[in-house]
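start-v2.txt, holding compact mmCIF, C-alpha atoms:
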```
# COMPACT_ATOMS: atom_id res chain seq x y z
CA MET A 1 -16.02 16.84 36.02
CA ILE A 2 -14.32 13.46 35.92
CA ALA A 3 -17.38 11.95 34.24
CA ALA A 4 -17.00 14.46 31.40
CA HIS A 5 -13.34 13.47 31.03
CA LEU A 6 -14.24 9.77 31.03
CA VAL A 7 -16.77 10.21 28.22
CA THR A 8 -14.75 12.65 26.10
CA SER A 9 -11.50 10.68 26.31
CA PHE A 10 -13.32 7.47 25.34
CA VAL A 11 -14.94 9.16 22.34
CA ALA A 12 -11.68 10.87 21.33
CA ALA A 13 -9.61 7.67 21.45
CA ALA A 14 -12.25 5.61 19.63
CA GLY A 15 -12.67 8.42 17.10
CA PHE A 16 -8.97 8.33 16.38
CA GLY A 17 -9.38 4.59 15.92
CA VAL A 18 -11.86 5.37 13.13
CA LEU A 19 -9.53 7.96 11.55
CA PHE A 20 -6.65 5.48 11.56
CA ASN A 21 -8.97 2.75 10.30
CA ALA A 22 -8.55 0.36 13.22
CA PRO A 23 -10.38 -2.95 12.79
CA ARG A 24 -14.06 -2.44 13.66
CA LYS A 25 -14.10 -5.04 16.43
CA SER A 26 -11.26 -3.37 18.33
CA LEU A 27 -12.68 0.17 18.39
CA ILE A 28 -14.23 -0.28 21.85
CA GLN A 29 -10.94 -1.58 23.27
CA CYS A 30 -9.08 1.34 21.66
CA GLY A 31 -11.45 3.76 23.36
CA LEU A 32 -11.09 2.03 26.73
CA VAL A 33 -7.27 2.00 26.57
CA GLY A 34 -7.26 5.70 25.73
CA MET A 35 -9.76 6.43 28.48
CA PHE A 36 -7.79 4.66 31.24
CA GLY A 37 -4.53 6.32 30.15
CA TRP A 38 -6.08 9.78 30.13
CA ILE A 39 -7.89 9.32 33.45
CA LEU A 40 -4.66 8.26 35.19
CA TYR A 41 -2.92 11.31 33.70
CA TYR A 42 -5.79 13.59 34.71
CA MET A 43 -5.95 12.32 38.29
CA LEU A 44 -2.17 12.48 38.76
CA THR A 45 -1.92 16.06 37.47
CA ASP A 46 -5.05 17.01 39.42
CA GLY A 47 -3.33 15.66 42.55
CA GLY A 48 -0.43 18.04 42.03
CA MET A 49 2.04 15.84 40.16
CA ASP A 50 4.18 17.42 37.43
CA VAL A 51 2.98 16.72 33.88
CA VAL A 52 6.15 14.88 32.76
CA PRO A 53 6.11 12.05 35.36
CA ALA A 54 2.31 11.89 35.01
CA THR A 55 2.76 11.32 31.26
CA VAL A 56 5.35 8.61 31.94
CA PHE A 57 2.99 6.73 34.28
CA ALA A 58 -0.01 7.15 31.98
CA SER A 59 1.85 5.89 28.92
CA MET A 60 3.13 2.94 30.99
CA LEU A 61 -0.48 2.08 31.79
CA VAL A 62 -1.45 2.47 28.11
CA ALA A 63 1.38 0.17 27.06
CA VAL A 64 0.49 -2.49 29.64
CA LEU A 65 -3.19 -2.42 28.67
CA SER A 66 -2.23 -2.58 24.98
CA GLN A 67 0.00 -5.60 25.62
CA ILE A 68 -2.90 -7.36 27.33
CA CYS A 69 -5.35 -6.43 24.55
CA ALA A 70 -2.88 -7.51 21.86
CA ARG A 71 -2.42 -10.88 23.58
CA VAL A 72 -6.11 -11.47 24.24
CA PHE A 73 -7.50 -10.32 20.88
CA LYS A 74 -4.52 -11.48 18.76
CA THR A 75 -4.21 -8.07 17.13
CA PRO A 76 -0.96 -6.14 16.60
CA ILE A 77 -0.16 -3.98 19.60
CA ILE A 78 0.18 -0.84 17.45
CA VAL A 79 -3.62 -0.76 16.98
CA PHE A 80 -4.18 -0.14 20.70
CA ILE A 81 -1.05 1.89 21.44
CA VAL A 82 -1.75 4.51 18.79
CA SER A 83 -5.28 5.32 19.89
CA GLY A 84 -4.37 5.01 23.55
CA ILE A 85 -1.42 7.35 23.40
CA ILE A 86 -3.11 10.08 21.33
CA PRO A 87 -4.65 11.95 24.31
CA LEU A 88 -1.21 12.14 25.96
CA VAL A 89 0.60 13.51 22.89
CA PRO A 90 1.37 17.15 23.70
CA GLY A 91 -0.51 18.58 20.72
CA GLY A 92 -1.94 21.47 22.68
CA ILE A 93 1.40 22.60 24.10
CA ALA A 94 3.07 22.23 20.69
CA TYR A 95 0.42 24.51 19.26
CA ASP A 96 0.91 27.00 22.11
CA ALA A 97 4.67 27.00 21.45
CA MET A 98 4.13 27.59 17.74
CA ARG A 99 1.73 30.43 18.46
CA ASN A 100 4.21 32.15 20.79
CA PHE A 101 6.89 31.85 18.09
CA VAL A 102 4.56 33.59 15.66
CA GLU A 103 3.81 36.35 18.18
CA ASN A 104 7.57 36.96 18.65
CA ASP A 105 7.53 35.81 22.27
CA TYR A 106 10.54 33.53 21.83
CA TYR A 107 11.19 33.30 25.56
CA THR A 108 7.89 31.54 26.25
CA ALA A 109 8.00 29.65 22.94
CA VAL A 110 11.35 27.98 23.66
CA GLN A 111 10.21 27.04 27.15
CA LEU A 112 7.08 25.41 25.74
CA SER A 113 9.09 23.62 23.01
CA ALA A 114 11.36 22.16 25.67
CA LYS A 115 8.26 20.95 27.50
CA VAL A 116 7.01 19.28 24.30
CA MET A 117 10.35 17.47 23.93
CA LEU A 118 10.23 16.33 27.56
CA LEU A 119 6.65 15.08 27.22
CA SER A 120 7.42 13.16 24.00
CA GLY A 121 10.41 11.64 25.77
CA GLY A 122 8.16 10.76 28.69
CA ILE A 123 5.77 8.90 26.39
CA ALA A 124 8.71 7.05 24.84
CA ILE A 125 10.11 6.07 28.25
CA GLY A 126 6.71 4.83 29.39
CA LEU A 127 6.26 2.68 26.29
CA MET A 128 9.82 1.35 26.46
CA PHE A 129 9.60 0.51 30.16
CA SER A 130 6.59 -1.74 29.83
CA GLU A 131 8.01 -3.35 26.68
CA VAL A 132 11.23 -4.19 28.54
CA ALA A 133 9.24 -5.52 31.50
CA ASN A 134 7.22 -7.67 29.12
CA GLN A 135 10.36 -9.11 27.53
CA ILE A 136 11.93 -9.90 30.91
CA ILE A 137 8.75 -11.62 32.13
CA ARG A 138 8.53 -13.67 28.96
CA LYS A 139 12.18 -14.73 29.23
CA GLN A 140 11.69 -15.79 32.85
CA LEU A 141 8.58 -17.80 31.93
CA ARG A 142 10.46 -19.55 29.12
CA LYS A 143 13.30 -20.43 31.48
CA ARG A 144 10.84 -21.87 33.97
CA VAL A 145 9.20 -23.97 31.25
CA GLU A 146 12.58 -25.27 30.08
CA SER A 147 13.93 -26.21 33.51
CA MET B 1 15.23 -22.31 -6.18
CA ASN B 2 11.80 -21.62 -7.62
CA MET B 3 10.49 -22.12 -4.10
CA ASP B 4 12.76 -19.39 -2.75
CA VAL B 5 11.46 -16.91 -5.28
CA SER B 6 7.87 -17.28 -4.17
CA ILE B 7 8.85 -16.96 -0.49
CA ALA B 8 10.58 -13.73 -1.39
CA LYS B 9 7.43 -12.61 -3.21
CA VAL B 10 5.22 -13.27 -0.20
CA CYS B 11 7.68 -11.51 2.12
CA MET B 12 7.96 -8.48 -0.14
CA LEU B 13 4.20 -8.15 -0.57
CA ALA B 14 3.57 -8.46 3.18
CA GLY B 15 6.25 -5.86 3.86
CA LYS B 16 4.93 -3.52 1.20
CA ILE B 17 1.35 -3.58 2.53
CA MET B 18 2.53 -3.02 6.11
CA LEU B 19 4.78 -0.09 5.22
CA GLU B 20 2.10 1.56 3.08
CA SER B 21 -0.28 1.21 6.00
CA GLY B 22 2.07 2.95 8.42
CA ALA B 23 3.52 0.09 10.48
CA GLU B 24 6.79 0.55 12.37
CA THR B 25 9.73 -0.57 10.24
CA TYR B 26 11.06 -2.94 12.89
CA ARG B 27 7.73 -4.75 12.83
CA VAL B 28 7.91 -4.99 9.02
CA GLU B 29 11.38 -6.52 9.13
CA ASP B 30 10.34 -8.84 11.94
CA THR B 31 7.32 -10.11 9.99
CA MET B 32 9.36 -10.68 6.82
CA ASN B 33 12.07 -12.55 8.72
CA ARG B 34 9.52 -14.69 10.56
CA ILE B 35 7.90 -15.79 7.30
CA ALA B 36 11.32 -16.62 5.85
CA VAL B 37 12.41 -18.54 8.95
CA SER B 38 9.22 -20.61 8.96
CA TYR B 39 10.25 -21.89 5.50
CA GLY B 40 13.69 -22.87 6.71
CA LEU B 41 15.64 -19.89 5.37
CA SER B 42 17.98 -19.06 8.20
CA ASN B 43 19.87 -16.18 6.60
CA ALA B 44 17.10 -14.02 5.19
CA GLN B 45 18.08 -10.38 5.14
CA SER B 46 15.58 -7.57 5.20
CA TYR B 47 16.03 -3.83 5.40
CA ALA B 48 12.98 -1.59 5.51
CA THR B 49 12.89 2.18 5.42
CA PRO B 50 9.77 4.36 5.10
CA THR B 51 10.44 4.72 1.35
CA GLY B 52 11.59 1.26 0.30
CA ILE B 53 12.25 -2.37 1.25
CA ILE B 54 15.33 -4.43 0.38
CA PHE B 55 15.10 -8.18 0.90
CA SER B 56 17.10 -11.23 -0.04
CA VAL B 57 16.43 -14.82 0.97
CA ASP B 58 20.07 -15.59 1.73
CA ARG B 59 23.26 -13.60 2.22
CA VAL B 60 24.55 -13.96 -1.34
CA GLU B 61 21.26 -14.55 -3.16
CA LYS B 62 19.65 -12.10 -5.53
CA THR B 63 18.30 -9.05 -3.74
CA ASN B 64 14.78 -7.79 -4.28
CA PHE B 65 13.68 -4.21 -3.93
CA ILE B 66 10.33 -2.46 -3.71
CA ARG B 67 9.78 1.27 -3.61
CA ILE B 68 7.07 2.65 -1.32
CA SER B 69 5.66 5.88 -2.70
CA LYS B 70 2.34 6.41 -0.95
CA ARG B 71 1.95 6.07 2.78
CA SER B 72 -1.24 6.39 4.76
CA THR B 73 -2.49 5.03 8.07
CA ASP B 74 -4.53 1.88 7.89
CA LEU B 75 -4.39 -0.18 11.07
CA HIS B 76 -6.88 -2.66 9.63
CA LYS B 77 -4.48 -3.74 6.87
CA ILE B 78 -1.65 -4.10 9.38
CA ALA B 79 -3.86 -6.36 11.48
CA GLU B 80 -4.87 -8.41 8.41
CA VAL B 81 -1.27 -8.96 7.28
CA ASN B 82 -0.35 -9.82 10.85
CA SER B 83 -2.98 -12.55 11.04
CA ILE B 84 -1.95 -13.95 7.63
CA SER B 85 1.70 -14.14 8.70
CA ARG B 86 0.64 -15.69 12.01
CA LYS B 87 -1.24 -18.43 10.13
CA LEU B 88 1.65 -18.84 7.69
CA THR B 89 4.24 -19.35 10.42
CA GLY B 90 1.82 -21.64 12.26
CA ASP B 91 1.64 -23.91 9.19
CA GLU B 92 -2.08 -23.25 8.72
CA LEU B 93 -1.59 -21.76 5.25
CA VAL B 94 0.27 -22.82 2.13
CA LEU B 95 2.54 -20.25 0.50
CA SER B 96 0.42 -19.90 -2.65
CA GLU B 97 -2.75 -19.36 -0.59
CA ALA B 98 -0.98 -16.73 1.47
CA LEU B 99 0.09 -14.91 -1.68
CA LEU B 100 -3.51 -14.82 -2.91
CA LEU B 101 -4.78 -13.58 0.46
CA LEU B 102 -2.12 -10.87 0.59
CA GLU B 103 -2.99 -9.72 -2.92
CA ASP B 104 -6.63 -9.46 -1.82
CA VAL B 105 -5.62 -7.34 1.19
CA ASP B 106 -3.40 -5.18 -1.03
CA GLN B 107 -6.29 -4.44 -3.40
CA ALA B 108 -8.98 -4.14 -0.74
CA ARG B 109 -10.28 -0.78 0.40
CA LEU B 110 -11.02 -1.32 4.05
CA GLU B 111 -11.40 2.30 5.13
CA PHE B 112 -14.49 3.57 6.87
CA ALA B 113 -16.85 5.53 4.62
CA GLY B 114 -15.94 9.20 4.22
CA TRP B 115 -18.89 10.55 6.20
CA ILE B 116 -18.09 8.28 9.17
CA GLN B 117 -14.51 9.56 9.17
CA ILE B 118 -15.72 13.17 9.07
CA ILE B 119 -18.15 12.62 11.97
CA ALA B 120 -15.37 10.88 13.93
CA ALA B 121 -12.99 13.78 13.27
CA ALA B 122 -15.64 16.28 14.39
CA PHE B 123 -16.24 14.43 17.66
CA VAL B 124 -12.50 13.97 18.25
CA ALA B 125 -12.11 17.74 17.90
CA GLY B 126 -14.97 18.54 20.27
CA CYS B 127 -13.85 16.04 22.89
CA PHE B 128 -10.24 17.24 22.88
CA THR B 129 -11.44 20.77 23.55
CA ILE B 130 -13.09 19.55 26.75
CA MET B 131 -10.10 17.36 27.70
CA PHE B 132 -7.64 20.23 27.33
CA GLY B 133 -9.61 22.31 29.80
CA GLY B 134 -12.15 23.98 27.54
CA THR B 135 -15.71 24.63 28.66
CA TRP B 136 -18.91 23.16 27.20
CA PRO B 137 -19.84 26.32 25.22
CA ASP B 138 -16.67 25.66 23.19
CA PHE B 139 -17.72 22.09 22.34
CA ILE B 140 -19.96 22.85 19.34
CA PRO B 141 -17.69 25.47 17.69
CA SER B 142 -14.73 23.09 18.00
CA LEU B 143 -16.81 20.19 16.65
CA VAL B 144 -17.84 22.23 13.61
CA ALA B 145 -14.35 23.63 12.97
CA GLY B 146 -12.74 20.20 13.36
CA GLY B 147 -15.22 18.56 11.01
CA ILE B 148 -14.89 21.22 8.32
CA GLY B 149 -11.11 21.25 8.70
CA TYR B 150 -11.01 17.49 8.12
CA VAL B 151 -13.26 17.77 5.05
CA VAL B 152 -10.94 20.44 3.65
CA MET B 153 -7.92 18.22 4.31
CA LEU B 154 -9.52 15.21 2.57
CA PHE B 155 -10.49 17.38 -0.41
CA PHE B 156 -7.08 18.97 -0.91
CA ALA B 157 -5.25 15.69 -0.24
CA ARG B 158 -7.06 14.33 -3.30
CA LEU B 159 -6.39 17.49 -5.31
CA VAL B 160 -2.70 18.09 -4.53
CA GLU B 161 0.06 15.50 -4.42
CA ILE B 162 1.96 17.20 -1.58
CA ARG B 163 0.35 16.24 1.73
CA PHE B 164 1.67 19.21 3.70
CA ILE B 165 -0.28 21.62 1.48
CA ALA B 166 -3.54 19.92 2.46
CA GLU B 167 -2.67 20.13 6.16
CA PHE B 168 -1.61 23.76 5.81
CA ILE B 169 -4.88 24.79 4.13
CA ALA B 170 -6.99 22.73 6.54
CA SER B 171 -5.44 24.36 9.60
CA PHE B 172 -5.75 27.78 7.96
CA VAL B 173 -9.49 27.14 7.53
CA ILE B 174 -9.71 26.00 11.16
CA GLY B 175 -7.99 29.18 12.31
CA MET B 176 -10.33 31.37 10.28
CA LEU B 177 -13.40 29.51 11.55
CA ALA B 178 -12.24 29.87 15.16
CA ILE B 179 -11.75 33.61 14.68
CA LEU B 180 -15.20 33.89 13.10
CA PHE B 181 -16.81 31.94 15.95
CA ILE B 182 -15.22 34.14 18.61
CA GLN B 183 -16.06 37.38 16.82
CA SER B 184 -19.68 36.35 16.29
CA GLY B 185 -19.97 35.53 19.99
CA VAL B 186 -20.20 31.72 19.70
CA GLY B 187 -17.64 30.06 21.95
CA VAL B 188 -15.49 31.47 24.74
CA GLU B 189 -11.78 30.69 24.32
CA MET B 190 -10.28 30.72 20.82
CA ASP B 191 -7.17 28.83 21.95
CA LYS B 192 -9.15 25.88 23.25
CA ILE B 193 -11.29 25.70 20.11
CA ILE B 194 -8.21 25.68 17.86
CA ILE B 195 -6.32 23.12 19.96
CA GLY B 196 -9.27 20.72 19.79
CA ALA B 197 -9.99 21.31 16.13
CA VAL B 198 -6.44 20.67 14.89
CA MET B 199 -6.10 17.39 16.85
CA PRO B 200 -7.44 15.19 13.99
CA LEU B 201 -4.60 16.55 11.83
CA VAL B 202 -1.82 16.23 14.44
CA PRO B 203 0.76 13.55 13.52
CA GLY B 204 0.46 11.56 16.74
CA LEU B 205 0.95 8.21 15.04
CA HIS B 206 4.12 9.37 13.27
CA ILE B 207 5.61 10.69 16.51
CA THR B 208 5.03 7.43 18.41
CA ASN B 209 6.19 5.30 15.46
CA ALA B 210 9.34 7.37 15.04
CA VAL B 211 10.20 7.00 18.71
CA ARG B 212 9.51 3.26 18.68
CA ASP B 213 11.67 2.81 15.58
CA LEU B 214 14.49 4.80 17.16
CA MET B 215 14.32 2.70 20.34
CA ALA B 216 14.40 -0.51 18.30
CA GLY B 217 17.68 0.68 16.74
CA HIS B 218 16.29 1.66 13.33
CA LEU B 219 17.96 5.02 13.25
CA VAL B 220 17.42 5.88 9.57
CA ALA B 221 13.71 5.01 9.64
CA GLY B 222 13.17 6.71 13.00
CA VAL B 223 14.82 9.95 11.99
CA SER B 224 13.03 10.15 8.63
CA LYS B 225 9.63 9.49 10.20
CA GLY B 226 10.42 12.06 12.89
CA VAL B 227 11.20 14.64 10.22
CA GLU B 228 7.91 13.82 8.48
CA ALA B 229 6.08 14.40 11.77
CA VAL B 230 7.87 17.70 12.38
CA LEU B 231 7.02 18.87 8.86
CA THR B 232 3.35 18.07 9.41
CA ALA B 233 3.34 19.89 12.74
CA PHE B 234 5.02 22.84 11.06
CA ALA B 235 2.40 22.89 8.30
CA ILE B 236 -0.38 22.99 10.92
CA GLY B 237 1.36 25.70 12.95
CA ALA B 238 2.01 27.79 9.84
CA GLY B 239 -1.62 27.48 8.73
CA ILE B 240 -2.89 28.75 12.08
CA ALA B 241 -0.26 31.50 12.07
CA VAL B 242 -1.38 32.76 8.65
CA ALA B 243 -4.99 32.81 9.88
CA PHE B 244 -3.90 34.95 12.86
CA ALA B 245 -2.27 37.41 10.50
CA PHE B 246 -5.79 38.43 9.39
CA ILE B 247 -6.90 39.59 12.86
```
Could the structure of this file be written out as structure tokens, please?
Amino acid sequence: MIAAHLVTSFVAAAGFGVLFNAPRKSLIQCGLVGMFGWILYYMLTDGGMDVVPATVFASMLVAVLSQICARVFKTPIIVFIVSGIIPLVPGGIAYDAMRNFVENDYYTAVQLSAKVMLLSGGIAIGLMFSEVANQIIRKQLRKRVES
Amino acid sequence: MNMDVSIAKVCMLAGKIMLESGAETYRVEDTMNRIAVSYGLSNAQSYATPTGIIFSVDRVEKTNFIRISKRSTDLHKIAEVNSISRKLTGDELVLSEALLLLEDVDQARLEFAGWIQIIAAAFVAGCFTIMFGGTWPDFIPSLVAGGIGYVVMLFFARLVEIRFIAEFIASFVIGMLAILFIQSGVGVEMDKIIIGAVMPLVPGLHITNAVRDLMAGHLVAGVSKGVEAVLTAFAIGAGIAVAFAFI
């Protein structure tokens, strides 16, 4: 089962790279970043972790990998972050919420909407955390060079 | 003085291309300021929103303004502008050369060919169905629905100026196709097919960009991009909902 997820998440992330017109030479990296992020999320949720912390950890991994790719390939980080984060974006749950609204089941719909908000926040926290870590590391390195 | 004007021109053009290609506004401002600083302008002021850029080379100098009317997603152009500004700040390029290069990027059409995009959208749809817990019998129906939905969106985006209409009609078509597939016995779970098939239309980039802008302190840009994302999501949801009304 995990092999299927590896293949599909790679294709999905790289496919989104094509839709967003990522530079041709970074499509493979986009797919790999998306694949690693999704596999971490999948394994954490499969192991019984709640989806919100799992999303936070997965988006942290995506952000770290994107930072590395951006540094190595001298490409703006947004190229990798966008395709890497796409599998984690709660599109499915948002759709479920919308469908319950339409079917007049507001009780379930509001619950699902709250989950969408939490998951989006989780992605944001994950991205922010690794960006802050990156800035701190860079500041420390600069200090060491200066002294 | 003449010198300042051409710096402003390069900055504005770089900013315009990046915003039209869907970059985060804080990155746009950062790029413009970096170019200005590399030419010794210490007080350059830039203010970018999703619909326009305001820039002046010094606090009390003349202020330039560009309106951004069409926005799409083009990561390739963002990367190109980024490498030009990197070379410019690294003193590998003269200002006039940079202006020519930027004009080339502005005019260039770097997108993938239409049929490649459609195939990519189809495979994205099929793969997401599997990732969100669908089974393999749902793969082909989702692939077909996603591909056709994307074609419909491209067609109507060219026909109608308002983007949300295209997304609404595309998701309506996806909903109808999913219902047809289920009723004709192809595919197992309608929910999973629809979730996969609408993924190429979902505003994932706008959501992440809005959040990143908000975290960088660009409240106006973040909120307006967030609203754009919510409107797109609403258009998709409404399209599917109208399709369900026919069951």
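With all atoms listed in the file as the atoms that count, the residue of A:Ile68, A:Val56, A:Leu61, A:Ala124 with the shortest distance to A:Gly37 is A:Leu61.
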Checklist entry - Can you tell me how far atom CA of B:Ala145 sits from atom CA of B:Ile193, in Å to one decimal? => result 8.0 Å
Next on the checklist: Would you pick out the contacts of A:Ile93 at 8 Å or less, using all atoms listed in the file, so that residues sharing its chain but fewer than 2 positions from it are not included, and give the list as a list of chain:residue names?
Outcome noted: A:Pro90, A:Gly91, A:Tyr95, A:Asp96, A:Ala97, A:Leu112, A:Ser113, A:Lys115, A:Val116
Would you save the residues from that selection as a PDB file, in the frame of the given file, using C-alpha atoms?
```
ATOM      1  CA  PRO A  90       1.370  17.150  23.700  1.00  0.00           C
ATOM      2  CA  GLY A  91      -0.510  18.580  20.720  1.00  0.00           C
ATOM      3  CA  TYR A  95       0.420  24.510  19.260  1.00  0.00           C
ATOM      4  CA  ASP A  96       0.910  27.000  22.110  1.00  0.00           C
ATOM      5  CA  ALA A  97       4.670  27.000  21.450  1.00  0.00           C
ATOM      6  CA  LEU A 112       7.080  25.410  25.740  1.00  0.00           C
ATOM      7  CA  SER A 113       9.090  23.620  23.010  1.00  0.00           C
ATOM      8  CA  LYS A 115       8.260  20.950  27.500  1.00  0.00           C
ATOM      9  CA  VAL A 116       7.010  19.280  24.300  1.00  0.00           C
TER      10      VAL A 116
END
```
Checklist entry - Any idea what's packed within 10 Å of A:Val64, counting only C-alpha atoms, ignoring anything in its chain fewer than 3 positions away? Could you give it as a PyMOL selection string? => result chain A and resi 33+58-61+67-70+81+126-127+129-131+133-134
Per residue of chain B within 7 Å of chain A, which atom pair is closest and at what distance in Å (one decimal), using all atoms listed in the file, listed by chain and increasing number, as CSV?
```
residue,atom,partner,partner_atom,distance
B:Thr73,CA,A:Phe20,CA,5.4
B:Asp74,CA,A:Asn21,CA,5.1
B:Leu75,CA,A:Ala22,CA,4.7
B:His76,CA,A:Pro23,CA,4.7
B:Ala79,CA,A:Pro76,CA,5.9
B:Asn82,CA,A:Pro76,CA,6.9
B:Glu111,CA,A:Asn21,CA,5.7
B:Phe112,CA,A:Asn21,CA,6.6
B:Gln117,CA,A:Leu19,CA,5.7
B:Ala120,CA,A:Gly15,CA,4.8
B:Ala121,CA,A:Gly15,CA,6.6
B:Phe123,CA,A:Ala12,CA,6.9
B:Val124,CA,A:Ala12,CA,4.4
B:Cys127,CA,A:Thr8,CA,4.8
B:Phe128,CA,A:Ala12,CA,6.7
B:Met131,CA,A:His5,CA,6.1
B:Ile195,CA,A:Gly92,CA,5.4
B:Met199,CA,A:Gly91,CA,6.9
B:Val202,CA,A:Gly91,CA,6.8
B:Gly204,CA,A:Ile86,CA,6.0
B:Leu205,CA,A:Val82,CA,5.9
B:Val211,CA,A:Ala124,CA,6.3
B:Gly237,CA,A:Met98,CA,5.8
B:Ala241,CA,A:Val102,CA,6.4
```
